[in-house]
$ cat query_30.txt   # compact mmCIF, C-alpha atoms
# COMPACT_ATOMS: atom_id res chain seq x y z
CA MET J 1 -5.41 -3.12 22.21
CA ARG J 2 -5.32 -0.26 19.70
CA ILE J 3 -3.41 -0.33 16.41
CA PHE J 4 -2.01 2.98 15.11
CA LYS J 5 -0.49 3.27 11.67
CA PHE J 6 1.74 6.17 10.58
CA GLY J 7 2.65 6.41 6.90
CA GLY J 8 5.73 7.86 5.25
CA SER J 9 4.34 11.41 5.20
CA SER J 10 3.87 11.22 8.98
CA VAL J 11 7.57 10.61 9.59
CA LYS J 12 9.20 12.24 6.58
CA ASP J 13 11.48 14.43 8.70
CA ALA J 14 12.45 15.28 12.28
CA LEU J 15 9.33 17.41 12.75
CA GLY J 16 7.22 14.43 11.68
CA VAL J 17 8.87 12.17 14.27
CA GLN J 18 8.34 14.83 16.95
CA ASN J 19 4.71 15.21 15.94
CA THR J 20 4.17 11.44 16.15
CA LEU J 21 5.25 11.62 19.79
CA LYS J 22 2.77 14.45 20.25
CA VAL J 23 -0.01 12.30 18.77
CA LEU J 24 0.82 9.38 21.05
CA LEU J 25 0.91 11.56 24.15
CA HIS J 26 -2.44 13.09 23.16
CA GLU J 27 -4.07 9.70 22.57
CA GLY J 28 -2.32 7.73 25.32
CA VAL J 29 0.48 5.22 24.89
CA GLN J 30 -0.71 2.15 26.82
CA ASN J 31 -2.12 -0.93 25.07
CA THR J 32 -1.01 0.43 21.71
CA LEU J 33 0.85 -1.12 18.80
CA VAL J 34 2.28 1.45 16.38
CA VAL J 35 2.94 0.47 12.76
CA VAL J 36 5.35 2.80 10.94
CA SER J 37 6.21 3.03 7.24
CA ALA J 38 9.54 4.02 5.72
CA MET J 39 10.31 7.72 6.08
CA GLY J 40 9.06 10.08 3.37
CA LYS J 41 9.91 8.75 -0.09
CA MET J 42 12.51 6.29 1.18
CA THR J 43 10.76 3.29 -0.39
CA ASN J 44 11.36 4.96 -3.76
CA ALA J 45 14.99 5.60 -2.78
CA PHE J 46 15.46 1.93 -1.87
CA GLU J 47 13.83 0.94 -5.17
CA ASN J 48 16.48 3.03 -6.94
CA LEU J 49 19.12 1.08 -5.03
CA VAL J 50 17.48 -2.20 -6.06
CA ASN J 51 17.60 -1.14 -9.72
CA ALA J 52 21.22 0.00 -9.42
CA TYR J 53 22.16 -3.35 -7.87
CA ALA J 54 20.02 -5.74 -9.92
CA LYS J 55 19.79 -3.95 -13.26
CA SER J 56 22.86 -1.68 -13.25
CA GLU J 57 20.55 1.32 -13.59
CA GLY J 58 22.49 3.97 -11.65
CA SER J 59 25.26 4.07 -9.06
CA ILE J 60 25.01 1.75 -6.05
CA SER J 61 27.27 3.94 -3.92
CA ASN J 62 25.34 7.13 -4.75
CA SER J 63 22.03 5.43 -3.96
CA ILE J 64 23.30 4.17 -0.60
CA GLN J 65 24.89 7.49 0.33
CA TYR J 66 21.63 9.35 -0.34
CA ILE J 67 19.74 6.97 1.97
CA VAL J 68 22.44 7.15 4.67
CA ASN J 69 22.51 10.96 4.60
CA TYR J 70 18.72 11.20 4.76
CA HIS J 71 18.41 9.11 7.91
CA GLU J 72 21.51 10.48 9.62
CA ASN J 73 20.38 14.08 9.07
CA ILE J 74 17.02 13.32 10.69
CA ALA J 75 18.76 11.58 13.59
CA LYS J 76 21.13 14.54 14.09
CA GLU J 77 18.12 16.83 14.51
CA LEU J 78 16.52 14.52 17.07
CA PHE J 79 19.42 13.21 19.18
CA GLU J 80 22.68 14.22 20.83
CA GLU J 81 25.69 12.98 18.87
CA ASN J 82 26.59 10.29 21.41
CA ASN J 83 23.14 8.67 21.35
CA VAL J 84 23.09 4.91 20.74
CA ILE J 85 20.77 5.38 17.75
CA PHE J 86 23.74 6.25 15.53
CA LYS J 87 25.29 2.84 16.25
CA ASP J 88 21.92 1.23 15.54
CA ILE J 89 21.70 3.03 12.19
CA ASP J 90 25.26 1.94 11.31
CA SER J 91 24.37 -1.63 12.24
CA VAL J 92 21.37 -1.59 9.87
CA PHE J 93 23.49 -0.28 7.00
CA ASN J 94 26.18 -2.86 7.75
CA GLU J 95 23.53 -5.57 7.44
CA LEU J 96 22.47 -4.09 4.11
CA GLY J 97 26.09 -4.04 2.95
CA VAL J 98 26.55 -7.71 3.85
CA PHE J 99 23.53 -8.63 1.73
CA LEU J 100 24.80 -6.63 -1.26
CA GLU J 101 28.21 -8.32 -1.04
CA THR J 102 27.13 -11.91 -0.40
CA ASN J 103 23.81 -12.34 -2.24
CA LYS J 104 23.87 -15.01 -4.96
CA ASN J 105 20.16 -14.93 -5.85
CA SER J 106 19.42 -13.19 -9.17
CA ASN J 107 15.62 -13.14 -8.75
CA TYR J 108 14.68 -9.45 -8.95
CA ASN J 109 11.63 -9.76 -6.70
CA PHE J 110 13.68 -11.56 -4.04
CA ILE J 111 16.38 -8.87 -4.19
CA TYR J 112 13.71 -6.18 -3.99
CA ASP J 113 12.25 -7.52 -0.75
CA GLN J 114 15.64 -8.05 0.93
CA ILE J 115 16.68 -4.44 0.22
CA VAL J 116 13.47 -2.41 0.47
CA CYS J 117 12.64 -3.76 3.95
CA PHE J 118 15.50 -1.69 5.41
CA GLY J 119 13.42 1.48 4.99
CA GLU J 120 10.94 0.33 7.63
CA LEU J 121 13.68 -1.04 9.90
CA LEU J 122 15.42 2.35 9.93
CA SER J 123 12.28 4.44 10.48
CA THR J 124 11.15 2.32 13.43
CA LYS J 125 14.62 2.26 15.00
CA ILE J 126 14.65 6.07 14.96
CA MET J 127 11.05 6.35 16.19
CA SER J 128 11.54 3.89 19.04
CA ALA J 129 14.76 5.58 20.17
CA TYR J 130 13.15 9.03 20.07
CA LEU J 131 10.24 7.91 22.25
CA THR J 132 12.64 6.31 24.74
CA ASN J 133 14.75 9.48 24.73
CA ASN J 134 11.62 11.44 25.72
CA GLY J 135 10.58 9.17 28.56
CA VAL J 136 8.07 7.01 26.67
CA GLN J 137 8.95 3.38 27.30
CA ASN J 138 8.32 1.13 24.31
CA VAL J 139 9.32 -2.16 22.73
CA TRP J 140 10.88 -2.20 19.25
CA LEU J 141 9.43 -5.22 17.48
CA ASP J 142 10.81 -6.82 14.32
CA ILE J 143 7.55 -7.62 12.57
CA ARG J 144 9.33 -10.27 10.47
CA THR J 145 9.28 -12.49 13.57
CA ILE J 146 5.47 -12.10 13.75
CA ILE J 147 3.97 -11.89 10.25
CA LYS J 148 4.78 -15.05 8.30
CA THR J 149 4.13 -15.43 4.58
CA ASP J 150 4.76 -17.59 1.55
CA GLN J 151 7.65 -16.91 -0.87
CA LYS J 152 5.73 -14.79 -3.35
CA TYR J 153 8.16 -11.90 -3.10
CA ARG J 154 6.84 -8.33 -3.54
CA LYS J 155 3.26 -9.58 -3.05
CA ALA J 156 3.44 -12.18 -0.32
CA ASN J 157 0.42 -14.05 1.02
CA VAL J 158 0.01 -14.15 4.80
CA ASN J 159 0.20 -17.43 6.69
CA TRP J 160 -2.65 -16.51 9.02
CA GLY J 161 -2.33 -19.50 11.34
CA GLN J 162 1.37 -18.99 12.06
CA THR J 163 0.95 -15.21 12.33
CA LEU J 164 -1.91 -15.60 14.81
CA GLN J 165 0.19 -17.93 16.97
CA ASN J 166 3.13 -15.51 16.90
CA CYS J 167 0.93 -12.57 17.92
CA GLN J 168 -0.54 -14.46 20.85
CA LYS J 169 2.86 -15.74 21.97
CA HIS J 170 5.07 -12.67 21.59
CA ILE J 171 2.89 -9.55 22.00
CA ASP J 172 1.94 -8.31 25.47
CA LYS J 173 -1.22 -6.25 25.12
CA ASN J 174 -0.22 -3.98 28.02
CA GLN J 175 2.90 -2.64 26.25
CA LEU J 176 3.57 0.09 23.70
CA TYR J 177 5.15 -1.45 20.59
CA ILE J 178 6.84 0.21 17.62
CA THR J 179 6.98 -2.02 14.55
CA GLN J 180 7.20 -1.98 10.78
CA GLY J 181 4.50 -1.94 8.14
CA PHE J 182 4.68 -3.53 4.70
CA ILE J 183 7.12 -6.35 5.53
CA GLY J 184 7.13 -9.90 6.86
CA SER J 185 9.21 -13.05 6.38
CA ASP J 186 8.63 -16.38 4.70
CA THR J 187 7.95 -19.45 6.84
CA LEU J 188 10.49 -21.59 4.97
CA ASN J 189 13.74 -19.62 5.20
CA ASN J 190 12.87 -16.50 7.25
CA GLU J 191 13.80 -14.32 4.26
CA SER J 192 12.22 -10.86 4.17
CA THR J 193 9.04 -10.47 2.14
CA THR J 194 6.78 -7.51 1.34
CA LEU J 195 2.98 -7.35 1.22
CA GLY J 196 2.65 -5.10 -1.86
CA ARG J 197 2.96 -1.33 -2.12
CA GLU J 198 0.95 0.56 0.49
CA GLY J 199 1.00 -2.66 2.51
CA SER J 200 1.51 -0.89 5.85
CA ASP J 201 -2.27 -0.43 6.13
CA PHE J 202 -2.60 -4.18 5.58
CA THR J 203 -0.06 -4.82 8.35
CA ALA J 204 -2.30 -2.86 10.73
CA GLY J 205 -5.29 -4.93 9.63
CA ILE J 206 -3.43 -8.22 10.09
CA LEU J 207 -2.32 -7.31 13.61
CA ALA J 208 -5.75 -6.00 14.58
CA TYR J 209 -7.38 -9.25 13.47
CA CYS J 210 -4.86 -11.45 15.27
CA LEU J 211 -4.95 -9.39 18.49
CA ASP J 212 -8.74 -8.82 18.53
CA ALA J 213 -7.96 -5.10 18.61
CA GLU J 214 -10.35 -2.46 19.88
CA SER J 215 -9.75 -0.31 16.79
CA VAL J 216 -7.33 0.65 14.03
CA THR J 217 -6.40 4.28 13.37
CA ILE J 218 -4.59 5.33 10.21
CA TRP J 219 -2.96 8.73 10.78
CA LYS J 220 -2.66 10.84 7.64
CA ASP J 221 -2.08 14.37 6.42
CA VAL J 222 -5.77 14.69 5.47
CA VAL J 223 -8.75 15.21 7.79
CA GLY J 224 -10.20 11.79 6.94
CA VAL J 225 -11.57 10.00 3.90
CA LEU J 226 -12.68 12.58 1.33
CA ASN J 227 -15.07 12.00 -1.55
CA ALA J 228 -12.22 12.79 -3.98
CA ASP J 229 -8.50 13.46 -4.11
CA PRO J 230 -8.08 17.17 -3.21
CA ARG J 231 -5.04 17.34 -5.51
CA VAL J 232 -7.31 16.59 -8.47
CA PHE J 233 -10.74 17.94 -7.44
CA LYS J 234 -11.88 21.17 -5.80
CA ASN J 235 -14.52 21.43 -3.05
CA THR J 236 -14.05 17.93 -1.67
CA VAL J 237 -16.37 16.60 1.06
CA LEU J 238 -15.32 14.80 4.26
CA LEU J 239 -17.04 11.44 4.65
CA ASN J 240 -17.90 11.06 8.34
CA GLU J 241 -18.97 7.41 8.12
CA ILE J 242 -18.45 4.63 5.61
CA SER J 243 -19.59 1.03 5.84
CA TYR J 244 -17.06 -1.76 5.45
CA GLN J 245 -18.72 -2.81 2.20
CA GLU J 246 -18.60 0.68 0.72
CA ALA J 247 -14.99 1.17 1.81
CA ILE J 248 -14.05 -2.16 0.21
CA GLU J 249 -15.79 -1.08 -3.02
CA MET J 250 -13.93 2.25 -3.01
CA ALA J 251 -10.62 0.55 -2.27
CA PHE J 252 -11.22 -1.99 -5.04
CA TYR J 253 -11.67 0.81 -7.54
CA GLY J 254 -8.46 2.46 -6.37
CA ALA J 255 -9.23 4.91 -3.56
CA SER J 256 -5.77 5.48 -2.07
CA VAL J 257 -6.73 6.34 1.51
CA ILE J 258 -7.39 2.73 2.56
CA HIS J 259 -5.51 -0.30 1.24
CA PRO J 260 -7.86 -2.87 -0.35
CA LYS J 261 -6.66 -5.85 1.71
CA THR J 262 -6.85 -3.95 5.00
CA LEU J 263 -10.60 -3.91 5.33
CA LYS J 264 -11.73 -7.54 5.08
CA PRO J 265 -10.03 -8.85 8.24
CA LEU J 266 -11.42 -5.85 10.15
CA GLU J 267 -14.94 -6.49 8.85
CA ASN J 268 -14.72 -10.15 9.83
CA LYS J 269 -14.25 -9.15 13.49
CA ARG J 270 -16.21 -5.88 13.38
CA ILE J 271 -13.13 -3.86 14.32
CA PRO J 272 -13.72 -0.17 13.49
CA LEU J 273 -11.18 1.68 11.37
CA TRP J 274 -10.57 5.39 11.88
CA VAL J 275 -8.82 7.65 9.38
CA ARG J 276 -7.62 10.76 11.21
CA SER J 277 -5.34 13.74 10.72
CA PHE J 278 -2.03 13.82 12.60
CA GLU J 279 -2.18 17.62 12.30
CA HIS J 280 -5.70 18.17 13.70
CA LEU J 281 -5.98 15.89 16.71
CA ASP J 282 -9.37 17.19 17.86
CA ASN J 283 -11.02 16.12 14.60
CA GLU J 284 -12.67 12.70 14.69
CA GLY J 285 -12.01 12.04 11.01
CA THR J 286 -13.76 9.15 9.25
CA LYS J 287 -15.09 5.98 10.84
CA VAL J 288 -15.32 2.79 8.80
CA SER J 289 -17.57 0.23 10.48
CA LYS J 290 -20.72 -1.85 10.16
CA GLY J 291 -23.51 0.67 9.65
CA ASN J 292 -24.42 3.52 7.32
CA THR J 293 -23.25 3.11 3.73
CA LEU J 294 -22.07 6.70 3.39
CA VAL J 295 -22.51 9.82 5.53
CA PRO J 296 -23.06 12.24 3.88
CA LYS J 297 -24.41 10.57 0.73
CA THR J 298 -22.50 12.20 -2.12
CA PRO J 299 -20.76 11.15 -5.36
CA CYS J 300 -17.27 9.81 -4.70
CA TYR J 301 -14.55 10.17 -7.35
CA ILE J 302 -11.59 7.83 -7.80
CA VAL J 303 -8.82 8.48 -10.32
CA LYS J 304 -6.25 6.01 -11.66
CA THR J 305 -3.60 7.39 -14.02
CA ASN J 306 -1.10 5.64 -16.33
CA GLN J 307 -3.62 3.04 -17.43
CA ILE J 308 -3.56 1.08 -20.68
CA LEU J 309 -6.84 0.65 -22.56
CA VAL J 310 -6.59 -2.48 -24.70
CA SER J 311 -9.00 -3.73 -27.38
CA ILE J 312 -8.57 -7.38 -28.34
CA SER J 313 -10.30 -9.34 -31.12
CA ALA J 314 -9.83 -12.76 -32.71
CA ASN J 315 -7.73 -13.00 -35.88
CA ASP J 316 -10.43 -14.98 -37.67
CA PHE J 317 -13.21 -12.48 -36.81
CA SER J 318 -14.91 -15.09 -34.63
CA PHE J 319 -16.89 -14.08 -31.57
CA MET J 320 -15.03 -13.20 -28.37
CA VAL J 321 -16.59 -15.82 -26.13
CA GLU J 322 -15.73 -17.62 -22.89
CA GLU J 323 -12.89 -19.69 -24.37
CA ASN J 324 -11.04 -16.60 -25.67
CA MET J 325 -11.58 -14.67 -22.47
CA SER J 326 -10.38 -17.58 -20.35
CA ASP J 327 -7.09 -17.54 -22.26
CA LEU J 328 -6.79 -13.78 -21.91
CA PHE J 329 -7.30 -13.81 -18.15
CA ASN J 330 -4.63 -16.47 -17.82
CA PHE J 331 -2.27 -14.10 -19.63
CA PHE J 332 -3.27 -11.16 -17.40
CA HIS J 333 -2.47 -13.30 -14.37
CA GLN J 334 0.79 -14.60 -15.87
CA TYR J 335 2.08 -11.08 -16.56
CA ASN J 336 0.75 -9.50 -13.33
CA LEU J 337 -1.47 -7.05 -15.22
CA LYS J 338 -4.19 -5.66 -12.97
CA VAL J 339 -7.62 -5.48 -14.63
CA ASN J 340 -9.56 -2.35 -13.65
CA LEU J 341 -12.38 -2.37 -16.23
CA ILE J 342 -13.89 -4.89 -18.64
CA GLN J 343 -16.26 -4.43 -21.57
CA ASN J 344 -16.95 -6.79 -24.45
CA SER J 345 -18.96 -6.88 -27.65
CA ALA J 346 -19.50 -9.69 -30.16
CA LEU J 347 -16.13 -9.23 -31.87
CA SER J 348 -13.93 -7.40 -29.38
CA PHE J 349 -12.95 -7.40 -25.76
CA SER J 350 -11.84 -4.13 -24.14
CA VAL J 351 -9.96 -3.99 -20.88
CA CYS J 352 -8.30 -1.25 -18.83
CA LEU J 353 -5.00 -2.54 -17.42
CA GLU J 354 -2.53 -1.38 -14.81
CA ASP J 355 1.05 -2.44 -15.56
CA VAL J 356 2.61 -2.27 -12.08
CA PHE J 357 5.53 -4.57 -12.89
CA GLY J 358 6.34 -3.30 -16.40
CA ASN J 359 5.26 -6.49 -18.18
CA PHE J 360 2.90 -5.09 -20.82
CA ASP J 361 5.40 -5.19 -23.72
CA ALA J 362 6.09 -8.88 -23.11
CA PHE J 363 2.35 -9.53 -22.81
CA TYR J 364 1.73 -7.70 -26.09
CA LYS J 365 4.41 -9.68 -27.96
CA GLU J 366 3.02 -13.00 -26.79
CA LEU J 367 -0.58 -12.16 -27.71
CA GLN J 368 0.09 -10.47 -31.06
CA PRO J 369 0.31 -13.70 -33.12
CA LYS J 370 -2.95 -14.98 -31.59
CA PHE J 371 -5.16 -11.87 -31.47
CA LYS J 372 -5.61 -8.46 -33.06
CA ILE J 373 -4.63 -5.90 -30.43
CA LYS J 374 -5.04 -2.13 -30.32
CA TYR J 375 -4.18 -0.07 -27.27
CA ASN J 376 -4.00 3.45 -25.86
CA SER J 377 -1.34 3.97 -23.21
CA ASN J 378 -1.20 6.69 -20.53
CA VAL J 379 -4.97 7.02 -20.20
CA THR J 380 -6.85 7.97 -17.02
CA LEU J 381 -9.64 5.89 -15.51
CA PHE J 382 -12.30 7.81 -13.55
CA THR J 383 -14.66 5.90 -11.28
CA ILE J 384 -17.70 7.56 -9.67
CA ARG J 385 -19.49 5.80 -6.82
CA HIS J 386 -23.09 6.98 -6.22
CA PHE J 387 -23.01 9.05 -9.40
CA ASP J 388 -25.58 11.52 -10.66
CA GLU J 389 -25.87 13.31 -13.99
CA ASN J 390 -23.85 16.32 -12.86
CA ALA J 391 -21.04 14.08 -11.65
CA ILE J 392 -20.84 12.28 -15.01
CA ASN J 393 -20.92 15.54 -16.96
CA SER J 394 -18.10 16.99 -14.86
CA ILE J 395 -15.83 14.05 -15.76
CA GLU J 396 -16.76 13.95 -19.44
CA GLN J 397 -15.56 17.53 -19.75
CA LYS J 398 -12.04 16.53 -18.74
CA GLY J 399 -11.11 14.95 -22.10
CA THR J 400 -12.08 12.46 -24.78
CA VAL J 401 -14.11 9.55 -23.45
CA LEU J 402 -12.71 6.33 -24.95
CA LEU J 403 -14.96 3.96 -23.00
CA LYS J 404 -17.93 4.45 -20.66
CA GLN J 405 -19.70 1.98 -18.43
CA LEU J 406 -22.57 2.42 -15.94
CA SER J 407 -24.02 0.11 -13.30
CA ARG J 408 -26.50 0.83 -10.49
CA GLU J 409 -24.04 2.58 -8.19
CA THR J 410 -20.87 3.00 -10.25
CA ALA J 411 -19.88 4.86 -13.40
CA GLN J 412 -16.50 4.36 -15.06
CA MET J 413 -14.90 6.28 -17.91
$ encode --input "query_30.txt" --output "structure tokens"
Amino acid sequence: MRIFKFGGSSVKDALGVQNTLKVLLHEGVQNTLVVVSAMGKMTNAFENLVNAYAKSEGSISNSIQYIVNYHENIAKELFEENNVIFKDIDSVFNELGVFLETNKNSNYNFIYDQIVCFGELLSTKIMSAYLTNNGVQNVWLDIRTIIKTDQKYRKANVNWGQTLQNCQKHIDKNQLYITQGFIGSDTLNNESTTLGREGSDFTAGILAYCLDAESVTIWKDVVGVLNADPRVFKNTVLLNEISYQEAIEMAFYGASVIHPKTLKPLENKRIPLWVRSFEHLDNEGTKVSKGNTLVPKTPCYIVKTNQILVSISANDFSFMVEENMSDLFNFFHQYNLKVNLIQNSALSFSVCLEDVFGNFDAFYKELQPKFKIKYNSNVTLFTIRHFDENAINSIEQKGTVLLKQLSRETAQM
């Protein structure tokens, strides 16, 4: 069985939905499970609704109306007005309304997962109906009945045993399935959970592992994996082949084309991953598999913006040793601060942090009585894999270097 994943940019409008059908007809529709993200920027729109509901930041009715209009306008371009899809869309929004009216749980992360999941449910309802309308038989699959997780909302951990059983029991490898990325449900109460932002790639990896898939293809608006983000760098190079290990390294450092958690289950079963363009179907794109580290061998640039560079030292001028650092890493974990770079000297410990959940201020207040802390916010972290002198010089010219670190294959600034 093949796993195809289409992200939000693939299905951002009616033309995107039509083009997805074109891709499937070009590639063949049998023995295929299609994972689809929320349409366009709808995850952001649902996040605005979450904030309006949970934090009173904005109008709930305006947020809902924007989401309703977006999906209905796409559906009106794709279907006749009497098509059953409009009842399906209404049914989804009715379910959302029931949650908003009856929910008693004040946990923000729980609320987030129960609301945001509707983006994927809507996109897949529309996609499945459009394929059926054009003579392509398919099964709409609620992935929450398949992928089971713990109750760590917004960043749930997969229950691999239960998920494997569900895949084997409920998925017929001869069918075409349309299902959702990013979401699952907890094993205890069947409440919706999410796998972390950009988790649709991970969904494809989970299903490929559990189904012993032939391959995974991630369809994107780029020709494959490039050596740098073309929005930031000129003269980018297409990487024809990448090894699992190299792809995992690049993902760890923040390369956005492949989700970090996607790759390990594929490597464990030697399932190749293709990254291809949904606009240029004759291009092979990039293959990630066991084999060559990088073809062609060239410096690869990864950029992470909105970082916080923090320098921490002990109040009593004592050395920053294992005991101090153990405490600090407990705090990073407690406040969900992602560590992207570490450097320490005798008296200070520097770390580049990513504050995904907006917890840095609380972290800072708790540490201030115990340590001396200085920080620079809104800094950019550049990582270069397989660097050379020219590559380093090109980055150093972009601004003031606050911290620099080199290892055998990787430079970070």
$ atom_distance --input "query_30.txt" --atom1 "atom CA of J:Ser350" --atom2 "atom CA of J:Leu309"
7.1 Å
$ closest_residue --input "query_30.txt" --among "J:Asp355, J:Glu267, J:Asp327, J:Glu241" --to "J:Thr293" --atoms "all atoms listed in the file"
J:Glu241
$ atom_distance --input "query_30.txt" --atom1 "atom CA of J:Lys76" --atom2 "atom CA of J:Leu141"
23.2 Å
$ residues_near_point --input "query_30.txt" --point "(19.1, 17.7, 14.5)" --cutoff "12 Å" --atoms "all atoms listed in the file" --output "JSON, numbers by chain"
{"J": [13, 14, 15, 17, 18, 70, 71, 72, 73, 74, 75, 76, 77, 78, 79, 80, 81, 130]}
$ atom_distance --input "query_30.txt" --atom1 "atom CA of J:Asn107" --atom2 "atom CA of J:Tyr53"
11.8 Å
$ residues_around --input "query_30.txt" --residues "J:Tyr335" --least-positions-apart "3" --cutoff "12 Å" --atoms "only C-alpha atoms" --output "JSON, numbers by chain"
{"J": [328, 329, 330, 331, 332, 338, 339, 353, 354, 355, 356, 357, 358, 359, 360, 361, 362, 363, 364, 365, 366, 367]}
$ closest_atom_pairs --input "query_30.txt" --of "stretch 6-53 of chain J" --to "stretch 191-211 of chain J" --cutoff "9 Å" --atoms "all atoms listed in the file" --output "CSV"
residue,atom,partner,partner_atom,distance
J:Phe6,CA,J:Ser200,CA,8.5
J:Gly7,CA,J:Ser200,CA,7.5
J:Leu33,CA,J:Leu207,CA,8.7
J:Val34,CA,J:Ala204,CA,8.5
J:Val35,CA,J:Ala204,CA,6.5
J:Val36,CA,J:Ser200,CA,7.4
J:Ser37,CA,J:Ser200,CA,6.3
$ residues_around --input "query_30.txt" --residues "J:Pro230" --least-positions-apart "2" --cutoff "12 Å" --atoms "only C-alpha atoms" --output "number ranges by chain"
J: 221-228, 232-238, 256-257, 300-303
$ residues_around --input "query_30.txt" --residues "J:Thr410" --least-positions-apart "3" --cutoff "8 Å" --atoms "only C-alpha atoms" --output "PyMOL selection string"
chain J and resi 383-387+406-407
$ axis_aligned_box --input "query_30.txt" --around "stretch 83-86 of chain J" --padding-each-side "3 Å" --output "JSON"
{"center_x": 22.3, "center_y": 6.8, "center_z": 18.4, "size_x": 9.0, "size_y": 9.8, "size_z": 11.8}
$ closest_residue --input "query_30.txt" --among "J:Leu294, J:Gln307, J:Gly8, J:Lys155" --to "J:Asn378" --atoms "only C-alpha atoms"
J:Gln307
$ closest_residue --input "query_30.txt" --among "J:Ser128, J:Ser61, J:Thr262, J:Thr380" --to "J:Asp88" --atoms "only C-alpha atoms"
J:Ser128
$ residues_around --input "query_30.txt" --residues "J:Ala255" --least-positions-apart "3" --cutoff "9 Å" --atoms "all atoms listed in the file" --output "list in words"
Ala228, Asp229, Ala247, Glu249, Met250, Ala251, Phe252, Ile258, His259, Pro260, Tyr301, Ile302, Val303 and Lys304 of chain J
$ write_last_selection --input "query_30.txt" --atoms "C-alpha atoms" --output "CSV table (one decimal), keeping the file's coordinate frame"
chain,number,residue,atom,x,y,z
J,228,ALA,CA,-12.2,12.8,-4.0
J,229,ASP,CA,-8.5,13.5,-4.1
J,247,ALA,CA,-15.0,1.2,1.8
J,249,GLU,CA,-15.8,-1.1,-3.0
J,250,MET,CA,-13.9,2.2,-3.0
J,251,ALA,CA,-10.6,0.6,-2.3
J,252,PHE,CA,-11.2,-2.0,-5.0
J,258,ILE,CA,-7.4,2.7,2.6
J,259,HIS,CA,-5.5,-0.3,1.2
J,260,PRO,CA,-7.9,-2.9,-0.4
J,301,TYR,CA,-14.6,10.2,-7.4
J,302,ILE,CA,-11.6,7.8,-7.8
J,303,VAL,CA,-8.8,8.5,-10.3
J,304,LYS,CA,-6.2,6.0,-11.7
$ closest_residue --input "query_30.txt" --among "J:Ile60, J:Gln114, J:Asn133, J:Asp172" --to "J:Val84" --atoms "all atoms listed in the file"
J:Asn133
$ closest_residue --input "query_30.txt" --among "J:Asp212, J:Ile373, J:Gln151, J:Glu246" --to "J:Leu188" --atoms "all atoms listed in the file"
J:Gln151
$ residues_around --input "query_30.txt" --residues "J:Gly135" --least-positions-apart "6" --cutoff "12 Å" --atoms "all atoms listed in the file" --output "number ranges by chain"
J: 21, 25, 29, 128-129
$ build_atoms --input "query_30.txt" --residues "stretch 24-35 of chain J" --atoms "N, CA and C atoms" --output "PDB file, keeping the file's coordinate frame"
ATOM      1  N   LEU J  24       0.896  10.479  20.085  1.00  0.00           N
ATOM      2  CA  LEU J  24       0.820   9.380  21.050  1.00  0.00           C
ATOM      3  C   LEU J  24       0.543   9.884  22.462  1.00  0.00           C
ATOM      4  N   LEU J  25       1.161  10.998  22.827  1.00  0.00           N
ATOM      5  CA  LEU J  25       0.910  11.560  24.150  1.00  0.00           C
ATOM      6  C   LEU J  25      -0.534  12.066  24.272  1.00  0.00           C
ATOM      7  N   HIS J  26      -1.061  12.602  23.173  1.00  0.00           N
ATOM      8  CA  HIS J  26      -2.440  13.090  23.160  1.00  0.00           C
ATOM      9  C   HIS J  26      -3.432  11.937  23.281  1.00  0.00           C
ATOM     10  N   GLU J  27      -3.142  10.825  22.622  1.00  0.00           N
ATOM     11  CA  GLU J  27      -4.070   9.700  22.570  1.00  0.00           C
ATOM     12  C   GLU J  27      -3.853   8.689  23.698  1.00  0.00           C
ATOM     13  N   GLY J  28      -2.680   8.727  24.324  1.00  0.00           N
ATOM     14  CA  GLY J  28      -2.320   7.730  25.320  1.00  0.00           C
ATOM     15  C   GLY J  28      -1.462   6.643  24.704  1.00  0.00           C
ATOM     16  N   VAL J  29      -0.496   6.132  25.469  1.00  0.00           N
ATOM     17  CA  VAL J  29       0.480   5.220  24.890  1.00  0.00           C
ATOM     18  C   VAL J  29       0.328   3.772  25.368  1.00  0.00           C
ATOM     19  N   GLN J  30      -0.547   3.515  26.333  1.00  0.00           N
ATOM     20  CA  GLN J  30      -0.710   2.150  26.820  1.00  0.00           C
ATOM     21  C   GLN J  30      -1.553   1.316  25.859  1.00  0.00           C
ATOM     22  N   ASN J  31      -1.314   0.010  25.876  1.00  0.00           N
ATOM     23  CA  ASN J  31      -2.120  -0.930  25.070  1.00  0.00           C
ATOM     24  C   ASN J  31      -2.168  -0.516  23.602  1.00  0.00           C
ATOM     25  N   THR J  32      -1.036  -0.094  23.071  1.00  0.00           N
ATOM     26  CA  THR J  32      -1.010   0.430  21.710  1.00  0.00           C
ATOM     27  C   THR J  32       0.134  -0.201  20.921  1.00  0.00           C
ATOM     28  N   LEU J  33      -0.161  -0.618  19.710  1.00  0.00           N
ATOM     29  CA  LEU J  33       0.850  -1.120  18.800  1.00  0.00           C
ATOM     30  C   LEU J  33       0.911  -0.160  17.619  1.00  0.00           C
ATOM     31  N   VAL J  34       2.097   0.417  17.394  1.00  0.00           N
ATOM     32  CA  VAL J  34       2.280   1.450  16.380  1.00  0.00           C
ATOM     33  C   VAL J  34       3.010   0.868  15.180  1.00  0.00           C
ATOM     34  N   VAL J  35       2.371   0.938  14.018  1.00  0.00           N
ATOM     35  CA  VAL J  35       2.940   0.470  12.760  1.00  0.00           C
ATOM     36  C   VAL J  35       3.454   1.685  11.991  1.00  0.00           C
TER      37      VAL J  35
END
